[in-house]
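Trainee: Please find upload_36.cif (mmCIF, C-alpha atoms, pLDDT in the B column; chains and numbers go by the auth columns) on the next line:
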data_entry
#
loop_
_atom_site.group_PDB
_atom_site.id
_atom_site.type_symbol
_atom_site.label_atom_id
_atom_site.label_comp_id
_atom_site.label_asym_id
_atom_site.label_seq_id
_atom_site.Cartn_x
_atom_site.Cartn_y
_atom_site.Cartn_z
_atom_site.B_iso_or_equiv
_atom_site.auth_seq_id
_atom_site.auth_asym_id
ATOM 1 C CA MET A 1 24.994 55.948 -52.754 44.00 1 Y
ATOM 2 C CA MET A 2 26.781 56.893 -55.947 43.00 2 Y
ATOM 3 C CA LYS A 3 27.828 53.278 -56.545 43.00 3 Y
ATOM 4 C CA MET A 4 24.263 52.131 -55.986 43.00 4 Y
ATOM 5 C CA ARG A 5 23.042 54.685 -58.504 45.00 5 Y
ATOM 6 C CA HIS A 6 25.638 53.527 -61.026 44.00 6 Y
ATOM 7 C CA CYS A 7 24.569 49.909 -60.573 44.00 7 Y
ATOM 8 C CA THR A 8 20.922 50.904 -60.990 43.00 8 Y
ATOM 9 C CA VAL A 9 21.719 52.756 -64.203 42.00 9 Y
ATOM 10 C CA LEU A 10 23.718 49.781 -65.487 44.00 10 Y
ATOM 11 C CA LEU A 11 20.878 47.354 -64.750 42.00 11 Y
ATOM 12 C CA ALA A 12 18.409 49.690 -66.431 44.00 12 Y
ATOM 13 C CA GLY A 13 20.693 49.859 -69.442 45.00 13 Y
ATOM 14 C CA PHE A 14 20.872 46.081 -69.669 43.00 14 Y
ATOM 15 C CA ALA A 15 17.097 45.867 -69.423 43.00 15 Y
ATOM 16 C CA THR A 16 16.720 48.354 -72.255 42.00 16 Y
ATOM 17 C CA VAL A 17 19.240 46.519 -74.428 42.00 17 Y
ATOM 18 C CA PHE A 18 17.526 43.165 -73.934 41.00 18 Y
ATOM 19 C CA SER A 19 14.125 44.751 -74.555 44.00 19 Y
ATOM 20 C CA LEU A 20 15.314 46.222 -77.839 41.00 20 Y
ATOM 21 C CA SER A 21 17.014 42.949 -78.720 42.00 21 Y
ATOM 22 C CA ALA A 22 13.824 40.968 -78.141 42.00 22 Y
ATOM 23 C CA ARG A 23 11.890 43.428 -80.246 45.00 23 Y
ATOM 24 C CA GLY A 24 14.489 43.146 -82.997 45.00 24 Y
ATOM 25 C CA GLN A 25 14.200 39.367 -82.913 44.00 25 Y
ATOM 26 C CA GLU A 26 10.397 39.592 -83.266 44.00 26 Y
ATOM 27 C CA VAL A 27 10.697 41.956 -86.223 41.00 27 Y
ATOM 28 C CA ALA A 28 13.299 39.774 -87.940 43.00 28 Y
ATOM 29 C CA ALA A 29 11.114 36.706 -87.497 45.00 29 Y
ATOM 30 C CA ALA A 30 8.095 38.505 -88.929 45.00 30 Y
ATOM 31 C CA LEU A 31 9.811 39.596 -92.148 41.00 31 Y
ATOM 32 C CA PRO A 32 8.923 37.454 -95.169 46.00 32 Y
ATOM 33 C CA GLU A 33 11.392 35.143 -96.849 43.00 33 Y
ATOM 34 C CA SER A 34 11.497 34.319 -100.545 39.00 34 Y
ATOM 35 C CA ALA A 35 13.969 32.744 -102.951 36.00 35 Y
ATOM 36 C CA GLY A 36 16.629 35.102 -104.166 39.00 36 Y
ATOM 37 C CA THR A 37 15.906 37.764 -101.511 36.00 37 Y
ATOM 38 C CA THR A 38 17.031 38.442 -97.966 38.00 38 Y
ATOM 39 C CA ARG A 39 15.019 39.628 -94.997 40.00 39 Y
ATOM 40 C CA THR A 40 16.709 43.026 -94.878 37.00 40 Y
ATOM 41 C CA ALA A 41 17.988 45.622 -97.286 37.00 41 Y
ATOM 42 C CA ILE A 42 21.474 45.007 -95.932 39.00 42 Y
ATOM 43 C CA THR A 43 23.249 42.497 -98.130 41.00 43 Y
ATOM 44 C CA MET A 44 26.785 41.333 -98.669 46.00 44 Y
ATOM 45 C CA GLN A 45 27.992 39.064 -101.406 45.00 45 Y
ATOM 46 C CA SER A 46 30.177 36.126 -100.462 48.00 46 Y
ATOM 47 C CA ALA A 47 31.609 33.490 -102.727 50.00 47 Y
ATOM 48 C CA ALA A 48 31.940 30.939 -99.907 70.00 48 Y
ATOM 49 C CA PRO A 49 28.889 28.960 -98.720 87.00 49 Y
ATOM 50 C CA TYR A 50 27.786 29.828 -95.198 94.00 50 Y
ATOM 51 C CA THR A 51 27.983 27.400 -92.297 94.00 51 Y
ATOM 52 C CA ARG A 52 26.920 28.609 -88.860 96.00 52 Y
ATOM 53 C CA PRO A 53 29.747 28.147 -86.332 96.00 53 Y
ATOM 54 C CA THR A 54 29.206 25.568 -83.621 96.00 54 Y
ATOM 55 C CA ALA A 55 28.549 26.479 -79.994 96.00 55 Y
ATOM 56 C CA THR A 56 32.133 25.493 -79.165 97.00 56 Y
ATOM 57 C CA ALA A 57 33.524 27.740 -81.916 96.00 57 Y
ATOM 58 C CA ARG A 58 31.355 30.650 -80.790 96.00 58 Y
ATOM 59 C CA ALA A 59 32.509 30.244 -77.189 96.00 59 Y
ATOM 60 C CA LYS A 60 36.140 30.115 -78.327 96.00 60 Y
ATOM 61 C CA ASP A 61 35.661 33.323 -80.331 95.00 61 Y
ATOM 62 C CA TYR A 62 34.167 34.951 -77.230 96.00 62 Y
ATOM 63 C CA PHE A 63 37.154 34.112 -75.030 96.00 63 Y
ATOM 64 C CA ILE A 64 39.685 35.182 -77.663 93.00 64 Y
ATOM 65 C CA ASP A 65 37.960 38.480 -78.476 92.00 65 Y
ATOM 66 C CA SER A 66 37.174 39.361 -74.846 94.00 66 Y
ATOM 67 C CA TYR A 67 40.316 38.186 -73.063 95.00 67 Y
ATOM 68 C CA GLY A 68 42.867 37.456 -75.796 92.00 68 Y
ATOM 69 C CA PRO A 69 45.767 39.395 -77.341 90.00 69 Y
ATOM 70 C CA PHE A 70 43.671 42.162 -78.936 87.00 70 Y
ATOM 71 C CA ALA A 71 41.846 42.892 -75.662 92.00 71 Y
ATOM 72 C CA ILE A 72 45.147 42.928 -73.748 95.00 72 Y
ATOM 73 C CA LEU A 73 46.859 45.258 -76.231 93.00 73 Y
ATOM 74 C CA ALA A 74 43.868 47.582 -76.390 92.00 74 Y
ATOM 75 C CA ALA A 75 43.697 47.728 -72.577 95.00 75 Y
ATOM 76 C CA ALA A 76 47.439 48.393 -72.362 96.00 76 Y
ATOM 77 C CA ALA A 77 47.162 51.247 -74.880 95.00 77 Y
ATOM 78 C CA ALA A 78 44.133 52.762 -73.158 94.00 78 Y
ATOM 79 C CA ALA A 79 45.882 52.540 -69.778 96.00 79 Y
ATOM 80 C CA GLY A 80 48.933 54.277 -71.251 96.00 80 Y
ATOM 81 C CA VAL A 81 46.832 57.190 -72.510 95.00 81 Y
ATOM 82 C CA GLN A 82 45.077 57.510 -69.150 95.00 82 Y
ATOM 83 C CA GLN A 83 48.417 57.287 -67.332 96.00 83 Y
ATOM 84 C CA ALA A 84 49.788 60.148 -69.412 96.00 84 Y
ATOM 85 C CA ASP A 85 46.709 62.250 -68.637 95.00 85 Y
ATOM 86 C CA ASN A 86 46.676 61.133 -64.965 95.00 86 Y
ATOM 87 C CA ASN A 87 43.043 60.170 -65.437 94.00 87 Y
ATOM 88 C CA PRO A 88 41.396 59.386 -63.093 96.00 88 Y
ATOM 89 C CA ARG A 89 43.641 61.380 -60.785 95.00 89 Y
ATOM 90 C CA GLU A 90 42.527 59.301 -57.788 96.00 90 Y
ATOM 91 C CA TRP A 91 44.496 56.363 -59.175 96.00 91 Y
ATOM 92 C CA HIS A 92 47.760 58.334 -59.081 93.00 92 Y
ATOM 93 C CA GLN A 93 50.889 57.486 -61.093 94.00 93 Y
ATOM 94 C CA GLY A 94 53.516 54.757 -61.061 96.00 94 Y
ATOM 95 C CA ALA A 95 53.116 51.030 -61.541 96.00 95 Y
ATOM 96 C CA SER A 96 50.160 50.852 -59.164 95.00 96 Y
ATOM 97 C CA GLY A 97 48.284 53.571 -61.042 96.00 97 Y
ATOM 98 C CA TYR A 98 48.986 51.947 -64.391 97.00 98 Y
ATOM 99 C CA GLY A 99 47.813 48.604 -63.023 97.00 99 Y
ATOM 100 C CA ASP A 100 44.518 50.149 -61.906 97.00 100 Y
ATOM 101 C CA ARG A 101 44.008 51.750 -65.310 97.00 101 Y
ATOM 102 C CA PHE A 102 44.909 48.570 -67.166 98.00 102 Y
ATOM 103 C CA GLY A 103 42.561 46.518 -64.993 97.00 103 Y
ATOM 104 C CA SER A 104 39.800 49.041 -65.611 97.00 104 Y
ATOM 105 C CA ALA A 105 40.199 48.965 -69.404 96.00 105 Y
ATOM 106 C CA TYR A 106 40.499 45.179 -69.434 97.00 106 Y
ATOM 107 C CA GLY A 107 37.414 44.840 -67.261 97.00 107 Y
ATOM 108 C CA GLN A 108 35.456 47.117 -69.553 96.00 108 Y
ATOM 109 C CA ALA A 109 36.504 44.965 -72.521 95.00 109 Y
ATOM 110 C CA ALA A 110 35.404 41.828 -70.674 96.00 110 Y
ATOM 111 C CA ILE A 111 31.953 43.279 -69.953 97.00 111 Y
ATOM 112 C CA THR A 112 31.631 44.413 -73.561 97.00 112 Y
ATOM 113 C CA GLY A 113 32.625 41.006 -74.911 97.00 113 Y
ATOM 114 C CA THR A 114 30.324 39.165 -72.521 97.00 114 Y
ATOM 115 C CA ALA A 115 27.354 41.376 -73.426 98.00 115 Y
ATOM 116 C CA LYS A 116 28.058 40.896 -77.137 97.00 116 Y
ATOM 117 C CA TYR A 117 28.281 37.119 -76.788 97.00 117 Y
ATOM 118 C CA ALA A 118 25.142 36.897 -74.634 98.00 118 Y
ATOM 119 C CA LEU A 119 23.069 39.063 -76.966 98.00 119 Y
ATOM 120 C CA ALA A 120 24.287 37.132 -80.003 98.00 120 Y
ATOM 121 C CA GLU A 121 23.263 33.851 -78.378 97.00 121 Y
ATOM 122 C CA VAL A 122 19.828 35.180 -77.403 97.00 122 Y
ATOM 123 C CA LEU A 123 19.186 36.598 -80.867 97.00 123 Y
ATOM 124 C CA ARG A 124 20.884 33.677 -82.659 97.00 124 Y
ATOM 125 C CA MET A 125 23.136 36.082 -84.532 98.00 125 Y
ATOM 126 C CA ASP A 126 26.590 35.200 -85.806 98.00 126 Y
ATOM 127 C CA THR A 127 28.944 38.097 -85.006 97.00 127 Y
ATOM 128 C CA ARG A 128 32.091 36.274 -86.117 96.00 128 Y
ATOM 129 C CA TYR A 129 34.260 38.201 -88.581 95.00 129 Y
ATOM 130 C CA TYR A 130 34.386 36.861 -92.149 95.00 130 Y
ATOM 131 C CA HIS A 131 37.157 38.064 -94.416 94.00 131 Y
ATOM 132 C CA CYS A 132 36.280 39.888 -97.602 93.00 132 Y
ATOM 133 C CA ASP A 133 36.346 38.032 -100.916 90.00 133 Y
ATOM 134 C CA CYS A 134 37.225 41.360 -102.551 92.00 134 Y
ATOM 135 C CA THR A 135 40.613 42.913 -103.300 92.00 135 Y
ATOM 136 C CA GLY A 136 41.931 46.412 -102.841 95.00 136 Y
ATOM 137 C CA PHE A 137 42.418 48.498 -99.730 96.00 137 Y
ATOM 138 C CA PHE A 138 39.202 50.523 -99.756 97.00 138 Y
ATOM 139 C CA PRO A 139 36.825 47.640 -100.577 96.00 139 Y
ATOM 140 C CA ARG A 140 38.369 45.591 -97.782 96.00 140 Y
ATOM 141 C CA LEU A 141 38.225 48.548 -95.383 97.00 141 Y
ATOM 142 C CA GLY A 142 34.572 49.124 -96.255 97.00 142 Y
ATOM 143 C CA HIS A 143 33.872 45.437 -95.693 97.00 143 Y
ATOM 144 C CA ALA A 144 35.479 45.551 -92.239 97.00 144 Y
ATOM 145 C CA ILE A 145 33.498 48.629 -91.203 97.00 145 Y
ATOM 146 C CA TYR A 146 30.267 47.172 -92.581 97.00 146 Y
ATOM 147 C CA SER A 147 30.888 43.886 -90.790 97.00 147 Y
ATOM 148 C CA ASN A 148 31.107 45.673 -87.453 97.00 148 Y
ATOM 149 C CA LEU A 149 27.563 46.963 -87.928 97.00 149 Y
ATOM 150 C CA THR A 150 26.014 43.743 -89.182 98.00 150 Y
ATOM 151 C CA ALA A 151 25.806 40.081 -88.220 98.00 151 Y
ATOM 152 C CA ARG A 152 24.857 36.913 -90.029 97.00 152 Y
ATOM 153 C CA MET A 153 21.628 35.131 -89.247 96.00 153 Y
ATOM 154 C CA GLY A 154 19.676 32.058 -90.274 95.00 154 Y
ATOM 155 C CA ASP A 155 20.771 28.986 -92.180 93.00 155 Y
ATOM 156 C CA ASP A 156 21.725 31.079 -95.210 94.00 156 Y
ATOM 157 C CA GLY A 157 23.806 33.567 -93.190 96.00 157 Y
ATOM 158 C CA HIS A 158 22.053 36.640 -94.538 96.00 158 Y
ATOM 159 C CA ARG A 159 23.184 39.976 -93.111 97.00 159 Y
ATOM 160 C CA VAL A 160 21.141 41.886 -90.525 97.00 160 Y
ATOM 161 C CA PHE A 161 21.767 44.888 -88.294 98.00 161 Y
ATOM 162 C CA SER A 162 23.974 43.711 -85.421 98.00 162 Y
ATOM 163 C CA VAL A 163 22.333 44.626 -82.130 97.00 163 Y
ATOM 164 C CA PRO A 164 25.089 42.808 -80.151 98.00 164 Y
ATOM 165 C CA SER A 165 27.939 44.721 -81.806 97.00 165 Y
ATOM 166 C CA VAL A 166 26.309 48.122 -81.378 96.00 166 Y
ATOM 167 C CA ALA A 167 24.807 47.658 -77.902 97.00 167 Y
ATOM 168 C CA SER A 168 27.656 45.838 -76.134 97.00 168 Y
ATOM 169 C CA PRO A 169 30.091 48.811 -75.947 96.00 169 Y
ATOM 170 C CA PHE A 170 27.434 50.677 -73.965 96.00 170 Y
ATOM 171 C CA ALA A 171 27.237 47.812 -71.484 97.00 171 Y
ATOM 172 C CA GLY A 172 30.999 48.029 -71.017 96.00 172 Y
ATOM 173 C CA GLY A 173 31.046 51.814 -70.757 96.00 173 Y
ATOM 174 C CA MET A 174 28.290 51.958 -68.161 97.00 174 Y
ATOM 175 C CA GLY A 175 29.715 48.948 -66.330 96.00 175 Y
ATOM 176 C CA ALA A 176 33.023 50.773 -65.802 96.00 176 Y
ATOM 177 C CA LEU A 177 31.228 53.175 -63.456 96.00 177 Y
ATOM 178 C CA MET A 178 31.087 50.396 -60.867 97.00 178 Y
ATOM 179 C CA TRP A 179 34.793 50.855 -60.078 96.00 179 Y
ATOM 180 C CA TYR A 180 35.463 54.439 -61.192 97.00 180 Y
ATOM 181 C CA PRO A 181 35.619 57.142 -58.480 95.00 181 Y
ATOM 182 C CA ASP A 182 32.259 58.395 -57.212 94.00 182 Y
ATOM 183 C CA ARG A 183 32.549 61.734 -59.001 95.00 183 Y
ATOM 184 C CA TYR A 184 31.975 59.970 -62.340 96.00 184 Y
ATOM 185 C CA SER A 185 28.327 60.004 -63.431 96.00 185 Y
ATOM 186 C CA PRO A 186 26.193 58.126 -65.990 95.00 186 Y
ATOM 187 C CA LYS A 187 27.053 60.927 -68.407 96.00 187 Y
ATOM 188 C CA ASP A 188 30.691 59.839 -68.179 96.00 188 Y
ATOM 189 C CA GLY A 189 29.556 56.248 -68.727 96.00 189 Y
ATOM 190 C CA LEU A 190 27.932 57.270 -71.984 96.00 190 Y
ATOM 191 C CA ARG A 191 31.161 59.007 -72.966 95.00 191 Y
ATOM 192 C CA PHE A 192 33.133 55.830 -72.205 95.00 192 Y
ATOM 193 C CA SER A 193 30.591 53.896 -74.288 96.00 193 Y
ATOM 194 C CA ALA A 194 30.979 56.189 -77.293 96.00 194 Y
ATOM 195 C CA TYR A 195 34.760 55.797 -77.154 93.00 195 Y
ATOM 196 C CA ALA A 196 34.423 52.018 -76.877 94.00 196 Y
ATOM 197 C CA PHE A 197 32.074 51.874 -79.853 96.00 197 Y
ATOM 198 C CA ALA A 198 34.482 53.913 -81.995 95.00 198 Y
ATOM 199 C CA ILE A 199 37.422 51.719 -80.942 92.00 199 Y
ATOM 200 C CA SER A 200 35.427 48.541 -81.704 94.00 200 Y
ATOM 201 C CA PHE A 201 35.970 49.145 -85.421 95.00 201 Y
ATOM 202 C CA ALA A 202 39.691 48.511 -84.940 92.00 202 Y
ATOM 203 C CA ASN A 203 39.025 44.825 -84.251 92.00 203 Y
ATOM 204 C CA PRO A 204 37.517 43.865 -87.643 94.00 204 Y
ATOM 205 C CA ILE A 205 39.975 46.120 -89.471 95.00 205 Y
ATOM 206 C CA ALA A 206 42.883 44.339 -87.759 92.00 206 Y
ATOM 207 C CA LYS A 207 41.353 40.965 -88.581 93.00 207 Y
ATOM 208 C CA GLU A 208 40.933 41.895 -92.232 94.00 208 Y
ATOM 209 C CA PHE A 209 44.412 43.275 -92.810 94.00 209 Y
ATOM 210 C CA ILE A 210 46.617 41.582 -90.204 89.00 210 Y
ATOM 211 C CA PHE A 211 45.227 38.304 -88.910 76.00 211 Y
ATOM 212 C CA LYS A 212 45.580 35.372 -91.295 61.00 212 Y
ATOM 213 C CA ASN A 213 43.165 32.851 -89.746 57.00 213 Y
ATOM 214 C CA LYS A 214 40.202 33.194 -92.086 49.00 214 Y
ATOM 215 C CA HIS A 215 36.802 31.791 -91.068 49.00 215 Y
#
Just give me the structure as structure tokens.
Mentor:
Amino acid sequence: MMKMRHCTVLLAGFATVFSLSARGQEVAAALPESAGTTRTAITMQSAAPYTRPTATARAKDYFIDSYGPFAILAAAAAAGVQQADNNPREWHQGASGYGDRFGSAYGQAAITGTAKYALAEVLRMDTRYYHCDCTGFFPRLGHAIYSNLTARMGDDGHRVFSVPSVASPFAGGMGALMWYPDRYSPKDGLRFSAYAFAISFANPIAKEFIFKNKH
């Protein structure tokens, strides 16, 4: 019964996310366009001309971000913290317990990445990370944080609020309840989601300061 309730909550969450996403798409489409202005107050200067990535490039980004090195390292770190805290205690210790915790964190990342990709495709938003044209630690850090809250849209690549980036961690957090012990409730799922959203900022920061493959 608890698993059924968790699945119901997850499906309701997805329905809410897609409802909000559709509403956001309608609002974005209704905003006026004019030369020299964007459709939102959120702007970001870029010296490079914008070219929307192809469907193949977007799919490749999805697989790398959801299942690639960053997702594996993040899952390994999260599993290590949970192993040290023996959380959940039902998964015990040892290699088997660590494997369960790693699989859980990796699965949550996969759900999050899939939800982000799907929402971006539905809303025609470009959530790919674009390196800053600025210099200096704090401007680049600010750019990375800002990029995690916005996406590019339209032929001109103007910046808009990123529904996929903000909503997808909640899909992953609530989705994790499907395999967590029955004593975990939707309240715990929201807690997992909040942690996932906070951790999501590490990805663009790492891409800005560590990864060299600039888009």
Trainee: Could you pull the residues within 9 Å of stretch 79-95 of chain Y, counting all atoms listed in the file, minus those fewer than 4 positions along the same chain, as a list in words?
Mentor: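 In the requested format, the answer is Ala74, Ala75, Gly99, Asp100, Arg101, Phe102, Gly103, Ser104, Ala105, Tyr180 and Pro181 of chain Y.
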Trainee: In the coordinates of the file, take the point (42.1, 45.9, -88.3) and a cut-off of 12 Å; then, counting all atoms listed in the file, name each qualifying protein, DNA or RNA residue as a ChimeraX atom specification.
Mentor: /Y:70,129,131,137,140-145,147-148,199-212
Trainee: Could you write those residues out with C-alpha atoms, as a PDB file, in the frame of the given file?
Mentor:
ATOM      1  CA  PHE Y  70      43.671  42.162 -78.936  1.00 87.00           C
ATOM      2  CA  TYR Y 129      34.260  38.201 -88.581  1.00 95.00           C
ATOM      3  CA  HIS Y 131      37.157  38.064 -94.416  1.00 94.00           C
ATOM      4  CA  PHE Y 137      42.418  48.498 -99.730  1.00 96.00           C
ATOM      5  CA  ARG Y 140      38.369  45.591 -97.782  1.00 96.00           C
ATOM      6  CA  LEU Y 141      38.225  48.548 -95.383  1.00 97.00           C
ATOM      7  CA  GLY Y 142      34.572  49.124 -96.255  1.00 97.00           C
ATOM      8  CA  HIS Y 143      33.872  45.437 -95.693  1.00 97.00           C
ATOM      9  CA  ALA Y 144      35.479  45.551 -92.239  1.00 97.00           C
ATOM     10  CA  ILE Y 145      33.498  48.629 -91.203  1.00 97.00           C
ATOM     11  CA  SER Y 147      30.888  43.886 -90.790  1.00 97.00           C
ATOM     12  CA  ASN Y 148      31.107  45.673 -87.453  1.00 97.00           C
ATOM     13  CA  ILE Y 199      37.422  51.719 -80.942  1.00 92.00           C
ATOM     14  CA  SER Y 200      35.427  48.541 -81.704  1.00 94.00           C
ATOM     15  CA  PHE Y 201      35.970  49.145 -85.421  1.00 95.00           C
ATOM     16  CA  ALA Y 202      39.691  48.511 -84.940  1.00 92.00           C
ATOM     17  CA  ASN Y 203      39.025  44.825 -84.251  1.00 92.00           C
ATOM     18  CA  PRO Y 204      37.517  43.865 -87.643  1.00 94.00           C
ATOM     19  CA  ILE Y 205      39.975  46.120 -89.471  1.00 95.00           C
ATOM     20  CA  ALA Y 206      42.883  44.339 -87.759  1.00 92.00           C
ATOM     21  CA  LYS Y 207      41.353  40.965 -88.581  1.00 93.00           C
ATOM     22  CA  GLU Y 208      40.933  41.895 -92.232  1.00 94.00           C
ATOM     23  CA  PHE Y 209      44.412  43.275 -92.810  1.00 94.00           C
ATOM     24  CA  ILE Y 210      46.617  41.582 -90.204  1.00 89.00           C
ATOM     25  CA  PHE Y 211      45.227  38.304 -88.910  1.00 76.00           C
ATOM     26  CA  LYS Y 212      45.580  35.372 -91.295  1.00 61.00           C
TER      27      LYS Y 212
END
Trainee: Quick one: pull the distance between atom CA of Y:Tyr62 and atom CA of Y:Thr114, Å, one decimal.
Mentor: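 Between atom CA of Y:Tyr62 and atom CA of Y:Thr114 the gap is 7.4 Å.
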Trainee: Taking all atoms listed in the file into account, name the residue in Y:Ala171, Y:Ala59, Y:Ala109, Y:Ala76 that is nearest to Y:Thr127.
Mentor: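 That would be Y:Ala59, the residue with the smallest distance to Y:Thr127.
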Trainee: Could you please determine the separation between atom CA of Y:Gly154 and atom CA of Y:Asp65 in Å, to one decimal place?
Mentor: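 About the pair atom CA of Y:Gly154 and atom CA of Y:Asp65: they are 22.7 Å apart.
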Trainee: Evaluate the PyMOL selection byres ((chain Y and resi 112) around 7) against this structure - the residues, as a ChimeraX atom specification, please.
Mentor: /Y:108-111,113-116,168-169,171-172
Trainee: Residues picked by the PyMOL selection byres ((chain Y and resi 124) around 10) here, as a ChimeraX atom specification?
Mentor: /Y:25,118-123,125-127,151-154
Trainee: Using atom CA of Y:Ala176 and atom CA of Y:Phe63 as the two end points, give the distance in Å to one decimal.
Mentor: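 According to the coordinates, atom CA of Y:Ala176 and atom CA of Y:Phe63 are separated by 19.5 Å.
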Trainee: Just want the 7 Å neighbourhood of Y:Ser162, counted on only C-alpha atoms, with same-chain residues fewer than 4 positions away dropped. Output as a PDB file with C-alpha atoms, in the frame of the given file.
Mentor:
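To be explicit, this is the file written out as part.pdb:
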ATOM      1  CA  LEU Y 149      27.563  46.963 -87.928  1.00 97.00           C
ATOM      2  CA  THR Y 150      26.014  43.743 -89.182  1.00 98.00           C
ATOM      3  CA  ALA Y 151      25.806  40.081 -88.220  1.00 98.00           C
ATOM      4  CA  VAL Y 166      26.309  48.122 -81.378  1.00 96.00           C
TER       5      VAL Y 166
END
Trainee: Pick from Y:Tyr106, Y:Gly68, Y:Asp188, Y:Ser165: nearest to Y:Arg128, with all atoms listed in the file counted?
Mentor: Y:Ser165
